[in-house]
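Quick look at structure.cif (mmCIF, C-alpha atoms):
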```
data_start
#
loop_
_atom_site.label_atom_id
_atom_site.label_comp_id
_atom_site.auth_asym_id
_atom_site.auth_seq_id
_atom_site.Cartn_x
_atom_site.Cartn_y
_atom_site.Cartn_z
CA MET A 21 2.22 -0.49 29.92
CA VAL A 22 4.72 -2.15 32.28
CA TYR A 23 5.99 -5.61 31.42
CA GLN A 24 6.62 -8.04 34.27
CA TYR A 25 9.80 -10.12 34.14
CA THR A 26 10.03 -13.14 36.46
CA ALA A 27 13.39 -14.91 36.79
CA ILE A 28 13.39 -18.43 38.22
CA GLY A 29 16.32 -20.75 38.84
CA ASP A 30 19.56 -21.23 40.70
CA SER A 31 22.54 -19.08 41.73
CA LEU A 32 22.97 -17.83 38.15
CA THR A 33 19.56 -16.20 38.55
CA THR A 34 20.54 -14.68 41.91
CA GLY A 35 23.69 -13.30 40.26
CA PHE A 36 26.09 -15.00 42.67
CA GLY A 37 29.67 -13.96 41.91
CA ALA A 38 28.88 -10.48 40.59
CA LEU A 39 28.37 -7.12 42.26
CA PRO A 40 24.73 -6.13 42.95
CA GLY A 41 23.00 -5.06 39.74
CA ASN A 42 25.49 -6.98 37.57
CA GLY A 43 23.88 -10.42 37.44
CA PHE A 44 22.22 -11.39 34.16
CA VAL A 45 18.72 -10.66 35.51
CA PRO A 46 19.15 -6.89 36.10
CA VAL A 47 21.30 -6.52 32.96
CA TYR A 48 18.77 -8.36 30.78
CA ARG A 49 15.93 -6.37 32.35
CA ARG A 50 17.62 -3.13 31.29
CA MET A 51 18.24 -4.51 27.79
CA ALA A 52 14.59 -5.55 27.52
CA GLU A 53 13.46 -2.07 28.55
CA GLY A 54 15.59 -0.55 25.83
CA ARG A 55 14.37 -2.93 23.14
CA LEU A 56 10.69 -2.86 24.12
CA GLN A 57 10.69 0.90 24.81
CA THR A 58 8.56 0.34 27.90
CA PRO A 59 9.27 -0.13 31.63
CA VAL A 60 10.05 -3.68 32.75
CA ALA A 61 9.58 -4.63 36.42
CA SER A 62 11.42 -7.72 37.64
CA ALA A 63 10.90 -10.36 40.32
CA ASN A 64 14.04 -12.41 41.01
CA LEU A 65 13.08 -15.79 42.48
CA GLY A 66 16.55 -17.32 42.17
CA VAL A 67 17.69 -19.68 44.94
CA ASN A 68 21.37 -20.55 45.45
CA GLY A 69 21.95 -24.28 45.13
CA LEU A 70 18.56 -25.01 43.55
CA THR A 71 18.32 -28.21 41.48
CA THR A 72 15.79 -29.15 38.81
CA ALA A 73 13.92 -31.21 41.44
CA GLY A 74 13.77 -28.18 43.77
CA LEU A 75 12.51 -25.86 41.04
CA GLU A 76 9.91 -28.38 39.92
CA GLN A 77 8.59 -28.61 43.52
CA ARG A 78 8.41 -24.84 43.95
CA LEU A 79 6.50 -24.40 40.69
CA LYS A 80 3.97 -27.01 41.77
CA THR A 81 3.49 -26.04 45.41
CA ASP A 82 4.63 -22.44 46.07
CA GLY A 83 1.78 -19.99 45.53
CA GLY A 84 4.12 -16.99 45.29
CA PHE A 85 6.23 -18.68 42.63
CA ARG A 86 3.17 -19.73 40.67
CA SER A 87 1.52 -16.31 40.65
CA ALA A 88 4.81 -14.56 39.74
CA VAL A 89 5.07 -16.83 36.70
CA LYS A 90 1.40 -16.42 35.80
CA ASP A 91 1.69 -12.63 35.86
CA ALA A 92 4.90 -12.42 33.82
CA GLU A 93 5.29 -11.51 30.17
CA ILE A 94 9.01 -12.41 30.31
CA ILE A 95 10.27 -15.52 32.13
CA THR A 96 13.87 -16.74 32.33
CA VAL A 97 14.87 -20.19 33.59
CA SER A 98 18.42 -21.07 34.69
CA ILE A 99 18.62 -24.58 36.11
CA GLY A 100 20.57 -27.83 35.81
CA GLY A 101 24.08 -26.82 36.81
CA ASN A 102 23.63 -27.94 40.42
CA ASP A 103 22.41 -31.36 39.28
CA LEU A 104 25.77 -31.83 37.57
CA ILE A 105 27.79 -30.38 40.47
CA LYS A 106 26.03 -32.58 43.08
CA ALA A 107 26.61 -35.73 41.02
CA ALA A 108 30.29 -34.87 40.50
CA LYS A 109 30.73 -34.20 44.24
CA ALA A 110 28.95 -37.44 45.16
CA ALA A 111 31.44 -39.35 43.00
CA ALA A 112 34.48 -37.45 44.33
CA GLY A 113 37.29 -39.80 45.22
CA ARG A 114 35.65 -42.61 43.23
CA PRO A 115 36.45 -41.71 39.62
CA GLY A 116 35.39 -45.15 38.45
CA GLU A 117 31.83 -44.38 39.57
CA LEU A 118 31.63 -40.88 38.05
CA ASN A 119 29.91 -41.99 34.85
CA GLY A 120 27.22 -43.87 36.74
CA TYR A 121 26.49 -40.88 38.96
CA LEU A 122 26.41 -38.50 36.00
CA GLN A 123 24.15 -40.71 33.88
CA LYS A 124 21.59 -41.05 36.67
CA ALA A 125 21.72 -37.30 37.35
CA LEU A 126 21.19 -36.56 33.64
CA ARG A 127 18.15 -38.85 33.44
CA ASP A 128 16.61 -37.27 36.55
CA CYS A 129 17.50 -33.78 35.36
CA LYS A 130 15.81 -34.26 31.96
CA ARG A 131 12.68 -35.67 33.58
CA ASN A 132 12.48 -32.78 36.07
CA PHE A 133 13.14 -30.24 33.32
CA SER A 134 10.32 -31.71 31.27
CA ASP A 135 8.00 -31.31 34.29
CA ILE A 136 9.20 -27.71 34.80
CA MET A 137 8.42 -26.79 31.19
CA SER A 138 5.00 -28.43 31.25
CA THR A 139 4.13 -26.69 34.54
CA LEU A 140 5.18 -23.36 33.02
CA SER A 141 2.94 -23.90 29.98
CA GLN A 142 0.04 -24.92 32.24
CA LEU A 143 0.48 -21.76 34.32
CA LYS A 144 0.55 -19.63 31.18
CA ALA A 145 -2.31 -21.46 29.45
CA GLY A 146 -5.02 -19.27 30.97
CA THR A 147 -3.31 -15.94 30.27
CA ARG A 148 -4.36 -13.80 27.35
CA SER A 149 -1.34 -11.51 27.16
CA PRO A 150 1.63 -12.59 25.01
CA TYR A 151 4.68 -13.93 26.84
CA ILE A 152 8.16 -15.30 26.21
CA ILE A 153 10.12 -17.96 28.10
CA ARG A 154 13.90 -17.94 27.82
CA ILE A 155 16.04 -20.91 28.91
CA VAL A 156 19.64 -20.20 29.91
CA GLY A 157 21.85 -23.00 28.58
CA LEU A 158 24.67 -24.47 30.66
CA TYR A 159 28.42 -23.93 30.41
CA ASN A 160 30.75 -26.55 31.85
CA PRO A 161 32.04 -25.72 35.36
CA TYR A 162 34.44 -28.72 35.04
CA PRO A 163 36.05 -28.14 31.62
CA GLN A 164 38.89 -30.54 32.45
CA VAL A 165 36.44 -33.47 32.92
CA ASP A 166 35.35 -34.99 29.59
CA ALA A 167 32.32 -36.71 31.14
CA ALA A 168 31.08 -33.35 32.44
CA THR A 169 31.49 -31.78 28.98
CA ASP A 170 29.40 -34.59 27.52
CA TRP A 171 26.77 -34.14 30.27
CA VAL A 172 26.44 -30.41 29.62
CA ARG A 173 26.14 -30.91 25.87
CA GLN A 174 23.47 -33.57 26.26
CA PHE A 175 21.46 -31.41 28.68
CA ASN A 176 21.74 -28.39 26.39
CA ARG A 177 20.57 -30.41 23.38
CA TYR A 178 17.60 -31.62 25.40
CA ALA A 179 16.66 -28.16 26.73
CA ALA A 180 17.05 -26.57 23.28
CA GLY A 181 14.44 -29.05 22.04
CA TYR A 182 11.79 -26.99 23.86
CA SER A 183 12.32 -24.02 21.54
CA SER A 184 9.09 -22.75 19.98
CA TYR A 185 7.47 -19.46 19.05
CA ALA A 186 7.26 -18.44 22.71
CA VAL A 187 10.26 -20.38 24.07
CA GLY A 188 13.89 -19.58 23.24
CA PHE A 189 17.14 -21.28 24.27
CA ALA A 190 20.19 -19.09 24.98
CA SER A 191 23.27 -21.15 24.16
CA ILE A 192 26.28 -19.93 26.16
CA TYR A 193 28.44 -23.06 26.09
CA HIS A 194 30.82 -21.92 23.34
CA GLU A 195 31.21 -18.43 24.79
CA PHE A 196 32.48 -19.89 28.09
CA ALA A 197 34.48 -22.87 26.76
CA GLY A 198 38.12 -21.87 26.79
CA ASN A 199 37.29 -18.44 28.26
CA GLU A 200 36.62 -19.59 31.83
CA ARG A 201 39.43 -17.45 33.25
CA GLY A 202 37.90 -14.25 31.90
CA LEU A 203 34.23 -15.05 32.48
CA LEU A 204 34.13 -16.94 35.79
CA PHE A 205 34.27 -15.67 39.37
CA LEU A 206 37.12 -16.61 41.73
CA ASP A 207 35.33 -19.85 42.67
CA HIS A 208 35.67 -21.04 39.02
CA ILE A 209 32.02 -22.14 39.17
CA HIS A 210 29.90 -18.99 38.87
CA PRO A 211 30.15 -16.27 36.22
CA ASN A 212 31.66 -12.90 37.09
CA GLY A 213 30.12 -9.61 35.94
CA ARG A 214 31.55 -10.09 32.43
CA GLY A 215 30.18 -13.63 32.28
CA TYR A 216 26.72 -12.46 33.31
CA ARG A 217 26.81 -9.75 30.61
CA VAL A 218 27.52 -12.48 28.05
CA ILE A 219 24.44 -14.41 29.28
CA ALA A 220 22.22 -11.31 29.19
CA GLY A 221 23.45 -10.50 25.68
CA LYS A 222 22.59 -13.99 24.43
CA LEU A 223 19.10 -13.71 25.96
CA ASP A 224 18.60 -10.29 24.38
CA ALA A 225 19.75 -11.60 20.98
CA LEU A 226 16.86 -14.09 20.97
CA GLY A 227 14.50 -11.15 20.51
CA TYR A 228 11.18 -10.54 22.21
CA GLY A 229 8.71 -12.53 20.12
CA SER A 230 5.18 -11.19 20.17
CA LEU A 231 5.97 -8.63 22.89
CA ARG A 232 7.23 -6.15 20.30
#
```
When written as structure tokens, how does the structure in this file appear?
Amino acid sequence: MVYQYTAIGDSLTTGFGALPGNGFVPVYRRMAEGRLQTPVASANLGVNGLTTAGLEQRLKTDGGFRSAVKDAEIITVSIGGNDLIKAAKAAAGRPGELNGYLQKALRDCKRNFSDIMSTLSQLKAGTRSPYIIRIVGLYNPYPQVDAATDWVRQFNRYAAGYSSYAVGFASIYHEFAGNERGLLFLDHIHPNGRGYRVIAGKLDALGYGSLR
């Protein structure tokens, strides 16, 4: 028996900022193999810069994406950070407009995330084999901006609301808050190898549901 692990999402899924093999996807895959005592094959469909809107589109229209999700017993989703980053950049130089940009981005982000989760459950509806979906929570790439902290917390609360028997939410906010220097790459946006190990460990700690 070989389990299939499909990772979908943004640059956190690609492992940007860490050496090859040190992103959370390969680290979590190895952890899953150890816990499940069976080989785990992975397909990494991460796309740098992907937003919730972009992921929603791919899940609806990209045949390769859809079949990789359908065939997977383990699915991880990392998305939402670029929605925040784009809104913050759009408001750059106009601090008075930051809240407006962030609020609109949060509304859109929640709606897209809802569509992503419903598309995932539709794709899995016809499959007989057990599966788990794991959502990677967000940390705040702008810890000095209070409005960004609030945005991240609201998104995390919303995403955590999808937790169920098959779906788990890996909260990483508190691990990164105040520890950005040790866990982030030189760009101060992406995790470094240590940061990705923290993410993989939080995913692993959620257990493996009915796969065990």
Residue with the minimum atom-to-atom distance to Gly41 of chain A, picked from A:Gly29, A:Gly221, A:Pro150, A:Gly213 with all atoms listed in the file counted, is A:Gly213
Task: Pick from A:Arg201, A:Arg154, A:Arg114, A:Arg217, whichever lies nearest to Met51 of chain A using only C-alpha atoms - done: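 For Met51 of chain A, the nearest of the candidates is A:Arg217.
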Selection result for the PyMOL selection byres ((chain A and resi 85) around 12) on this file, as a CSV table (one decimal) with C-alpha atoms, keeping the file's coordinate frame:
```csv
chain,number,residue,atom,x,y,z
A,26,THR,CA,10.0,-13.1,36.5
A,27,ALA,CA,13.4,-14.9,36.8
A,28,ILE,CA,13.4,-18.4,38.2
A,29,GLY,CA,16.3,-20.8,38.8
A,63,ALA,CA,10.9,-10.4,40.3
A,64,ASN,CA,14.0,-12.4,41.0
A,65,LEU,CA,13.1,-15.8,42.5
A,66,GLY,CA,16.6,-17.3,42.2
A,67,VAL,CA,17.7,-19.7,44.9
A,75,LEU,CA,12.5,-25.9,41.0
A,76,GLU,CA,9.9,-28.4,39.9
A,77,GLN,CA,8.6,-28.6,43.5
A,78,ARG,CA,8.4,-24.8,44.0
A,79,LEU,CA,6.5,-24.4,40.7
A,80,LYS,CA,4.0,-27.0,41.8
A,81,THR,CA,3.5,-26.0,45.4
A,82,ASP,CA,4.6,-22.4,46.1
A,83,GLY,CA,1.8,-20.0,45.5
A,84,GLY,CA,4.1,-17.0,45.3
A,86,ARG,CA,3.2,-19.7,40.7
A,87,SER,CA,1.5,-16.3,40.6
A,88,ALA,CA,4.8,-14.6,39.7
A,89,VAL,CA,5.1,-16.8,36.7
A,90,LYS,CA,1.4,-16.4,35.8
A,91,ASP,CA,1.7,-12.6,35.9
A,92,ALA,CA,4.9,-12.4,33.8
A,95,ILE,CA,10.3,-15.5,32.1
A,139,THR,CA,4.1,-26.7,34.5
A,140,LEU,CA,5.2,-23.4,33.0
A,143,LEU,CA,0.5,-21.8,34.3
```
- Message: To one decimal place in Å, what is the distance between atom CA of Asp128 of chain A and atom CA of Asn176 of chain A?
- Response: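 Calculated distance between atom CA of Asp128 of chain A and atom CA of Asn176 of chain A is 14.4 Å.
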Can you work out the spacing between atom CA of Lys144 of chain A and atom CA of Val172 of chain A in Å, to one decimal?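 So the two atoms, atom CA of Lys144 of chain A and atom CA of Val172 of chain A, lie 28.1 Å apart.
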One decimal, in Å: what's the spacing between atom CA of Gly157 of chain A and atom CA of Ala190 of chain A?
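Between atom CA of Gly157 of chain A and atom CA of Ala190 of chain A the gap is 5.6 Å.
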Nearest to His208 of chain A, chosen from A:Gln174, A:Thr147, A:Tyr159, A:Glu93, with all atoms listed in the file counted in the distances:
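Ranked by minimum distance to His208 of chain A, first place goes to A:Tyr159.
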Polymer residues at most 12 Å from Ala111 of chain A, only C-alpha atoms, same-chain spacing of 5 or more positions, as a PDB file with C-alpha atoms, in the frame of the given file:
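Dumped everything to part-v4.pdb:
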```pdb
ATOM      1  CA  LEU A 104      25.770 -31.830  37.570  1.00  0.00           C
ATOM      2  CA  ILE A 105      27.790 -30.380  40.470  1.00  0.00           C
ATOM      3  CA  LYS A 106      26.030 -32.580  43.080  1.00  0.00           C
ATOM      4  CA  GLY A 116      35.390 -45.150  38.450  1.00  0.00           C
ATOM      5  CA  GLU A 117      31.830 -44.380  39.570  1.00  0.00           C
ATOM      6  CA  LEU A 118      31.630 -40.880  38.050  1.00  0.00           C
ATOM      7  CA  ASN A 119      29.910 -41.990  34.850  1.00  0.00           C
ATOM      8  CA  GLY A 120      27.220 -43.870  36.740  1.00  0.00           C
ATOM      9  CA  TYR A 121      26.490 -40.880  38.960  1.00  0.00           C
ATOM     10  CA  LEU A 122      26.410 -38.500  36.000  1.00  0.00           C
ATOM     11  CA  GLN A 123      24.150 -40.710  33.880  1.00  0.00           C
ATOM     12  CA  LYS A 124      21.590 -41.050  36.670  1.00  0.00           C
ATOM     13  CA  ALA A 125      21.720 -37.300  37.350  1.00  0.00           C
TER      14      ALA A 125
END
```
Kindly resolve the PyMOL selection byres ((chain A and resi 32-37) around 12) on the present coordinates and return the residues as a PyMOL selection string.
chain A and resi 26-31+38-48+62-71+95-102+155-159+203-217+219-220
Restricting to all atoms listed in the file, whichever of A:Tyr178, A:Ala107, A:Arg148, A:Asn160 is closest to Phe133 of chain A is A:Tyr178
- Pick the closest to Arg173 of chain A from A:Ala145, A:Tyr23, A:Gly229, A:Leu126: which is it, counting all atoms listed in the file?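 Nearest to Arg173 of chain A: A:Leu126.
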Practice item. Output the residue selection produced by the PyMOL selection byres ((chain A and resi 228) around 10) on the file above, formatted as a list in words. Key: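 Output of the PyMOL selection byres ((chain A and resi 228) around 10): Ala52, Arg55, Leu56, Glu93, Ile94, Tyr151, Ile152, Ile153, Arg154, Ala186, Gly188, Leu223, Asp224, Ala225, Leu226, Gly227, Gly229, Ser230, Leu231 and Arg232 of chain A.
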Write the selection just made, keeping C-alpha atoms, as a compact mmCIF listing (two decimals), keeping the file's coordinate frame?
```txt
# COMPACT_ATOMS: atom_id res chain seq x y z
CA ALA A 52 14.59 -5.55 27.52
CA ARG A 55 14.37 -2.93 23.14
CA LEU A 56 10.69 -2.86 24.12
CA GLU A 93 5.29 -11.51 30.17
CA ILE A 94 9.01 -12.41 30.31
CA TYR A 151 4.68 -13.93 26.84
CA ILE A 152 8.16 -15.30 26.21
CA ILE A 153 10.12 -17.96 28.10
CA ARG A 154 13.90 -17.94 27.82
CA ALA A 186 7.26 -18.44 22.71
CA GLY A 188 13.89 -19.58 23.24
CA LEU A 223 19.10 -13.71 25.96
CA ASP A 224 18.60 -10.29 24.38
CA ALA A 225 19.75 -11.60 20.98
CA LEU A 226 16.86 -14.09 20.97
CA GLY A 227 14.50 -11.15 20.51
CA GLY A 229 8.71 -12.53 20.12
CA SER A 230 5.18 -11.19 20.17
CA LEU A 231 5.97 -8.63 22.89
CA ARG A 232 7.23 -6.15 20.30
```
- Message: Considering all atoms listed in the file, can you say which of A:Pro115, A:Ile136, A:Tyr185, A:Arg49 comes closest to Ala167 of chain A?
- Response: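 Among the listed residues, the smallest separation from Ala167 of chain A belongs to A:Pro115.
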Each side padded by 5 Å, which centre and which edge lengths in Å (one decimal) define the axis-aligned box around the listed atoms of segment 106-113 of chain A? Give them as JSON.
```
{"center_x": 31.7, "center_y": -36.2, "center_z": 42.9, "size_x": 21.3, "size_y": 17.2, "size_z": 14.7}
```
Residue completion, segment 198-214 of chain A, N, CA and C atoms, as a CSV table (one decimal), in the coordinates of the input:
```csv
chain,number,residue,atom,x,y,z
A,198,GLY,N,36.8,-22.4,27.1
A,198,GLY,CA,38.1,-21.9,26.8
A,198,GLY,C,38.3,-20.4,27.3
A,199,ASN,N,37.2,-19.8,27.7
A,199,ASN,CA,37.3,-18.4,28.3
A,199,ASN,C,36.9,-18.4,29.7
A,200,GLU,N,37.0,-19.5,30.4
A,200,GLU,CA,36.6,-19.6,31.8
A,200,GLU,C,37.4,-18.6,32.7
A,201,ARG,N,38.6,-18.4,32.4
A,201,ARG,CA,39.4,-17.4,33.2
A,201,ARG,C,38.9,-16.0,33.2
A,202,GLY,N,38.4,-15.6,32.0
A,202,GLY,CA,37.9,-14.2,31.9
A,202,GLY,C,36.4,-14.1,32.3
A,203,LEU,N,35.7,-15.2,32.3
A,203,LEU,CA,34.2,-15.0,32.5
A,203,LEU,C,33.7,-15.6,33.8
A,204,LEU,N,34.6,-16.3,34.5
A,204,LEU,CA,34.1,-16.9,35.8
A,204,LEU,C,34.7,-16.2,37.0
A,205,PHE,N,33.9,-16.2,38.1
A,205,PHE,CA,34.3,-15.7,39.4
A,205,PHE,C,35.4,-16.4,40.0
A,206,LEU,N,36.0,-16.0,41.1
A,206,LEU,CA,37.1,-16.6,41.7
A,206,LEU,C,36.9,-18.1,42.1
A,207,ASP,N,35.6,-18.5,42.3
A,207,ASP,CA,35.3,-19.8,42.7
A,207,ASP,C,35.4,-20.8,41.5
A,208,HIS,N,35.6,-20.3,40.3
A,208,HIS,CA,35.7,-21.0,39.0
A,208,HIS,C,34.4,-21.8,38.7
A,209,ILE,N,33.3,-21.5,39.4
A,209,ILE,CA,32.0,-22.1,39.2
A,209,ILE,C,31.0,-21.2,38.6
A,210,HIS,N,30.9,-20.0,39.3
A,210,HIS,CA,29.9,-19.0,38.9
A,210,HIS,C,30.5,-17.9,37.9
A,211,PRO,N,29.6,-17.3,37.1
A,211,PRO,CA,30.2,-16.3,36.2
A,211,PRO,C,30.5,-15.0,37.1
A,212,ASN,N,31.4,-14.2,36.5
A,212,ASN,CA,31.7,-12.9,37.1
A,212,ASN,C,30.8,-11.9,36.3
A,213,GLY,N,31.0,-10.6,36.6
A,213,GLY,CA,30.1,-9.6,35.9
A,213,GLY,C,30.2,-9.7,34.4
A,214,ARG,N,31.4,-9.9,33.9
A,214,ARG,CA,31.6,-10.1,32.4
A,214,ARG,C,30.8,-11.3,31.9
```
